[in-house]
Number of protein chains: 2
Amino acid sequence: VVRLGERKLLLTTDLLIEGIHFRRDWMKPEEIGFKAMRVNLSDIAAMGGAPRFALISLGLPREWRGRAAERLFQGLRSAGEEAGAVIVGGDTNASGRLVVNVALAGEAGPRLLLRSGARPGDRLFVTGRLGGSAAGLAALEGKRRRGFESLIARHKRPPLRVAVGYILAKTRGVTSAIDLSDGLAGDLPHLLEASGVGADVQMEAIPLFPGLRSASARLRRNPLGLALGGGEDYELLFTASPRVKIPNKIGGIPITNLGIITPKSRGLRWVSGGGTIRRGDFPGFRHF
Amino acid sequence: VVRLGERKLLLTTDLLIEGIHFRRDWMKPEEIGFKAMRVNLSDIAAMGGAPRFALISLGLPREWRGRAAERLFQGLRSAGEEAGAVIVGGDTNASGRLVVNVALAGEAGPRLLLRSGARPGDRLFVTGRLGGSAAGLAALEGKRRRGFESLIARHKRPPLRVAVGYILAKTRGVTSAIDLSDGLAGDLPHLLEASGVGADVQMEAIPLFPGLRSASARLRRNPLGLALGGGEDYELLFTASPRVKIPNKIGGIPITNLGIITPKSRGLRWVSGGGTIRRGDFPGFRHF
């Protein structure tokens, strides 16, 4: 967040490298472009801002110079325009591997949502449902597609939460927000750290992506592990004062109360039923 | 150039990939970072703007995770701060090859310099002296360093022309500008195309980097070829109305009149003595 005259400008960038962030054999060029833009939009959404301008840098392998590059660009453009962001420039180069960098400039919304505003007593919420992208990735890795279509689609097309973020920024009593790129278990600590607080999270409250349980059984994965540690949900995690009522849907997107913010000394506790769960109690958590 | 309220924002980005834009065995981490930032600053300089905020994306090979990455970042930061640009964010990833993307946001200066403002009758000028970077690269490629130090230094450290660009933007009668990344012969056509004009360039007027003639002889290269087609000069090429007097130095930087802008129908002509030179007459022009 930077100040430009009396305006606040939001700046964010993400670098995607083939073989590390995506695989060309799993994703079409337009899907790679679309996802690259959505991932950046998610950062602006979490601050309650309005995306405005994008700069695209492409490193293109030889076989990508023609039609494939156009399709990649088309994916970037359509994801951007849908959210109000126009591609205003960029840089294209030769590269061995495909490299896509998106830099996005947005304007702050009615209020700026930061990671640092959560206070003890606040309620903790999440938009949408978790674990779909991680399960889709697991299906792709296992070369299984049939029956996993909606999960794979979620992996390829992260949700757009700009409108919800903007509404949250307008909502009095919303105190902090962050987007979930590394999973609830990966990103919640960032919010707690920035705010200087702890949290009790009710495990049973965690909203699982539709079909996640059955898909997880078929993939021999732990559904809660995917929902907590899988990453790439690109949902918004936010906190709000207990004095405000947060509806259970915003703009059609389900909102779930996950727990409560506590003093820092209490730390982050994952609560199931009445008891606290420790890290080692989760079989199958890769990133947790 | 985008509008944000009543302000004009300048946005630019450049992607550098190891093995294509630089070689790790030729450049230290801090030199790579320094040059990556300077290259982006050059775009803002050519528009007469003031650099403000930078976003850095790094793809780091395994052996670059520690001290080397810090040195790279230090190079980026020092080049930015010297020009008024602060690094406000970024993204760091694993990568096989080193990847550096800089996205830079600046504010328009007193007036916006564009490529499209040149008119027939305008004079054509260039800042500084050309060909030094290309000769330095040729020396590195030929594994020759002794006696080529100042040329190699120019290759590694492109000049900073932000102050000159800002002064040009304040100077009435300056009609257009572009920075020289692809050499005079590569970038002048972009300016002419955007302005819908032609130009007569006096070959004898082209200012050669100090020591370029003798270095070219030792490297068996054509000095004019390096000055015209070598690239990476990062000097400013600009035009001004004949009614204004352009000094022969601005902020200590030499300014050279290269020729005159002509109607589009005359095209781009390279003039030597009295006659026009054609493309084929230049031995040793690689990019020309």
# chains A, B, ... in the order shown; residues from 1 in each chain; ligands from 1
$ select_by_dssp --residues "range 92-185 of chain B" --states "alpha helix (DSSP H)" --output "ChimeraX atom specification"
/B:132-141,149-156,162-170,184-185
$ write_last_selection --atoms "N, CA, C and O atoms" --output "tab-separated table (two decimals), in the first residue's frame"
chain	number	residue	atom	x	y	z
B	132	GLY	N	29.02	2.06	-25.93
B	132	GLY	CA	29.88	1.58	-24.85
B	132	GLY	C	29.42	0.23	-24.31
B	132	GLY	O	30.23	-0.68	-24.12
B	133	SER	N	28.13	0.09	-24.09
B	133	SER	CA	27.62	-1.15	-23.52
B	133	SER	C	27.83	-2.33	-24.48
B	133	SER	O	28.25	-3.42	-24.08
B	134	ALA	N	27.56	-2.09	-25.78
B	134	ALA	CA	27.71	-3.16	-26.77
B	134	ALA	C	29.17	-3.59	-26.87
B	134	ALA	O	29.47	-4.79	-27.00
B	135	ALA	N	30.08	-2.62	-26.80
B	135	ALA	CA	31.50	-2.97	-26.86
B	135	ALA	C	31.92	-3.72	-25.59
B	135	ALA	O	32.71	-4.67	-25.66
B	136	GLY	N	31.38	-3.32	-24.45
B	136	GLY	CA	31.68	-4.04	-23.21
B	136	GLY	C	31.19	-5.47	-23.27
B	136	GLY	O	31.88	-6.40	-22.83
B	137	LEU	N	30.00	-5.66	-23.82
B	137	LEU	CA	29.47	-7.03	-24.00
B	137	LEU	C	30.35	-7.84	-24.93
B	137	LEU	O	30.66	-9.01	-24.65
B	138	ALA	N	30.78	-7.22	-26.03
B	138	ALA	CA	31.66	-7.91	-26.98
B	138	ALA	C	32.97	-8.32	-26.31
B	138	ALA	O	33.49	-9.41	-26.55
B	139	ALA	N	33.48	-7.45	-25.45
B	139	ALA	CA	34.72	-7.77	-24.73
B	139	ALA	C	34.49	-8.96	-23.80
B	139	ALA	O	35.31	-9.89	-23.74
B	140	LEU	N	33.37	-8.96	-23.08
B	140	LEU	CA	33.05	-10.08	-22.19
B	140	LEU	C	32.90	-11.37	-23.00
B	140	LEU	O	33.41	-12.43	-22.61
B	141	GLU	N	32.21	-11.28	-24.13
B	141	GLU	CA	32.02	-12.46	-24.98
B	141	GLU	C	33.35	-13.00	-25.48
B	141	GLU	O	33.53	-14.20	-25.65
B	149	GLU	N	37.85	-1.96	-19.43
B	149	GLU	CA	37.16	-1.81	-18.15
B	149	GLU	C	35.99	-0.83	-18.22
B	149	GLU	O	34.92	-1.09	-17.69
B	150	SER	N	36.21	0.34	-18.86
B	150	SER	CA	35.15	1.36	-18.82
B	150	SER	C	33.96	0.92	-19.68
B	150	SER	O	32.81	1.26	-19.39
B	151	LEU	N	34.23	0.15	-20.73
B	151	LEU	CA	33.14	-0.33	-21.58
B	151	LEU	C	32.34	-1.42	-20.87
B	151	LEU	O	31.11	-1.44	-20.90
B	152	ILE	N	33.06	-2.31	-20.20
B	152	ILE	CA	32.39	-3.37	-19.43
B	152	ILE	C	31.56	-2.74	-18.30
B	152	ILE	O	30.43	-3.15	-18.03
B	153	ALA	N	32.14	-1.70	-17.68
B	153	ALA	CA	31.41	-1.01	-16.61
B	153	ALA	C	30.12	-0.40	-17.15
B	153	ALA	O	29.08	-0.43	-16.49
B	154	ARG	N	30.18	0.14	-18.36
B	154	ARG	CA	28.97	0.73	-18.95
B	154	ARG	C	27.94	-0.36	-19.25
B	154	ARG	O	26.74	-0.16	-19.06
B	155	HIS	N	28.43	-1.52	-19.69
B	155	HIS	CA	27.50	-2.63	-19.94
B	155	HIS	C	26.79	-3.05	-18.66
B	155	HIS	O	25.59	-3.35	-18.66
B	156	LYS	N	27.54	-3.07	-17.56
B	156	LYS	CA	26.96	-3.53	-16.30
B	156	LYS	C	26.14	-2.46	-15.60
B	156	LYS	O	25.22	-2.77	-14.85
B	162	VAL	N	17.17	9.84	-15.36
B	162	VAL	CA	15.91	10.34	-14.81
B	162	VAL	C	15.92	11.86	-14.67
B	162	VAL	O	14.95	12.54	-15.05
B	163	ALA	N	17.02	12.41	-14.17
B	163	ALA	CA	17.08	13.87	-13.98
B	163	ALA	C	17.04	14.59	-15.32
B	163	ALA	O	16.31	15.58	-15.48
B	164	VAL	N	17.79	14.08	-16.29
B	164	VAL	CA	17.77	14.70	-17.63
B	164	VAL	C	16.37	14.61	-18.23
B	164	VAL	O	15.86	15.58	-18.81
B	165	GLY	N	15.74	13.44	-18.10
B	165	GLY	CA	14.38	13.27	-18.63
B	165	GLY	C	13.41	14.26	-18.01
B	165	GLY	O	12.56	14.84	-18.68
B	166	TYR	N	13.56	14.46	-16.70
B	166	TYR	CA	12.68	15.38	-15.98
B	166	TYR	C	12.88	16.82	-16.48
B	166	TYR	O	11.92	17.56	-16.70
B	167	ILE	N	14.14	17.18	-16.70
B	167	ILE	CA	14.44	18.52	-17.22
B	167	ILE	C	13.89	18.68	-18.64
B	167	ILE	O	13.30	19.71	-18.98
B	168	LEU	N	14.03	17.64	-19.45
B	168	LEU	CA	13.48	17.70	-20.81
B	168	LEU	C	11.96	17.89	-20.78
B	168	LEU	O	11.39	18.62	-21.59
B	169	ALA	N	11.32	17.21	-19.83
B	169	ALA	CA	9.86	17.34	-19.72
B	169	ALA	C	9.45	18.76	-19.33
B	169	ALA	O	8.36	19.23	-19.66
B	170	LYS	N	10.35	19.45	-18.62
B	170	LYS	CA	10.07	20.85	-18.23
B	170	LYS	C	10.40	21.82	-19.35
B	170	LYS	O	9.97	22.98	-19.30
B	184	LEU	N	20.38	2.87	-31.42
B	184	LEU	CA	19.79	3.98	-32.18
B	184	LEU	C	19.04	3.47	-33.40
B	184	LEU	O	17.92	3.91	-33.69
B	185	ALA	N	19.65	2.51	-34.10
B	185	ALA	CA	19.01	2.00	-35.31
B	185	ALA	C	17.79	1.14	-35.00
B	185	ALA	O	16.93	0.95	-35.86
$ interface_residues --of "chain B" --to "chain A" --cutoff "6 Å" --atoms "only C-alpha atoms" --output "mmCIF file with all heavy atoms, in the first residue's frame"
data_model
loop_
_atom_site.group_PDB
_atom_site.id
_atom_site.type_symbol
_atom_site.label_atom_id
_atom_site.label_comp_id
_atom_site.auth_asym_id
_atom_site.auth_seq_id
_atom_site.Cartn_x
_atom_site.Cartn_y
_atom_site.Cartn_z
ATOM 1 N N THR B 13 7.462 -2.472 -16.844
ATOM 2 C CA THR B 13 7.977 -3.722 -16.292
ATOM 3 C C THR B 13 9.017 -4.314 -17.228
ATOM 4 O O THR B 13 8.963 -4.102 -18.438
ATOM 5 C CB THR B 13 6.830 -4.727 -16.043
ATOM 6 O OG1 THR B 13 7.316 -5.816 -15.266
ATOM 7 C CG2 THR B 13 6.276 -5.283 -17.341
ATOM 8 N N ASP B 14 9.992 -5.010 -16.659
ATOM 9 C CA ASP B 14 11.012 -5.705 -17.442
ATOM 10 C C ASP B 14 11.351 -7.018 -16.781
ATOM 11 O O ASP B 14 11.557 -7.085 -15.573
ATOM 12 C CB ASP B 14 12.294 -4.858 -17.553
ATOM 13 C CG ASP B 14 12.282 -3.977 -18.780
ATOM 14 O OD1 ASP B 14 12.333 -4.517 -19.888
ATOM 15 O OD2 ASP B 14 12.211 -2.749 -18.612
ATOM 16 N N LEU B 15 11.420 -8.023 -17.598
ATOM 17 C CA LEU B 15 11.740 -9.370 -17.145
ATOM 18 C C LEU B 15 13.132 -9.739 -17.632
ATOM 19 O O LEU B 15 13.416 -9.648 -18.824
ATOM 20 C CB LEU B 15 10.712 -10.344 -17.725
ATOM 21 C CG LEU B 15 10.903 -11.834 -17.468
ATOM 22 C CD1 LEU B 15 10.731 -12.154 -15.994
ATOM 23 C CD2 LEU B 15 9.903 -12.638 -18.291
ATOM 24 N N SER B 57 9.966 -9.308 -8.466
ATOM 25 C CA SER B 57 9.729 -10.758 -8.447
ATOM 26 C C SER B 57 11.045 -11.458 -8.734
ATOM 27 O O SER B 57 11.708 -11.150 -9.719
ATOM 28 C CB SER B 57 8.718 -11.168 -9.519
ATOM 29 O OG SER B 57 7.475 -10.578 -9.287
ATOM 30 N N GLY B 90 6.957 -7.600 -3.364
ATOM 31 C CA GLY B 90 7.501 -8.516 -4.339
ATOM 32 C C GLY B 90 7.082 -9.937 -4.094
ATOM 33 O O GLY B 90 6.185 -10.214 -3.289
ATOM 34 N N ASP B 91 7.736 -10.825 -4.793
ATOM 35 C CA ASP B 91 7.397 -12.240 -4.752
ATOM 36 C C ASP B 91 8.681 -13.010 -5.002
ATOM 37 O O ASP B 91 9.428 -12.686 -5.916
ATOM 38 C CB ASP B 91 6.363 -12.537 -5.851
ATOM 39 C CG ASP B 91 5.847 -13.956 -5.796
ATOM 40 O OD1 ASP B 91 5.822 -14.533 -4.697
ATOM 41 O OD2 ASP B 91 5.457 -14.486 -6.846
#
$ closest_residue --among "A:Ser195, A:Asp182, A:Lys143, A:Gly131" --to "Asn222 in chain A" --atoms "only C-alpha atoms"
A:Gly131
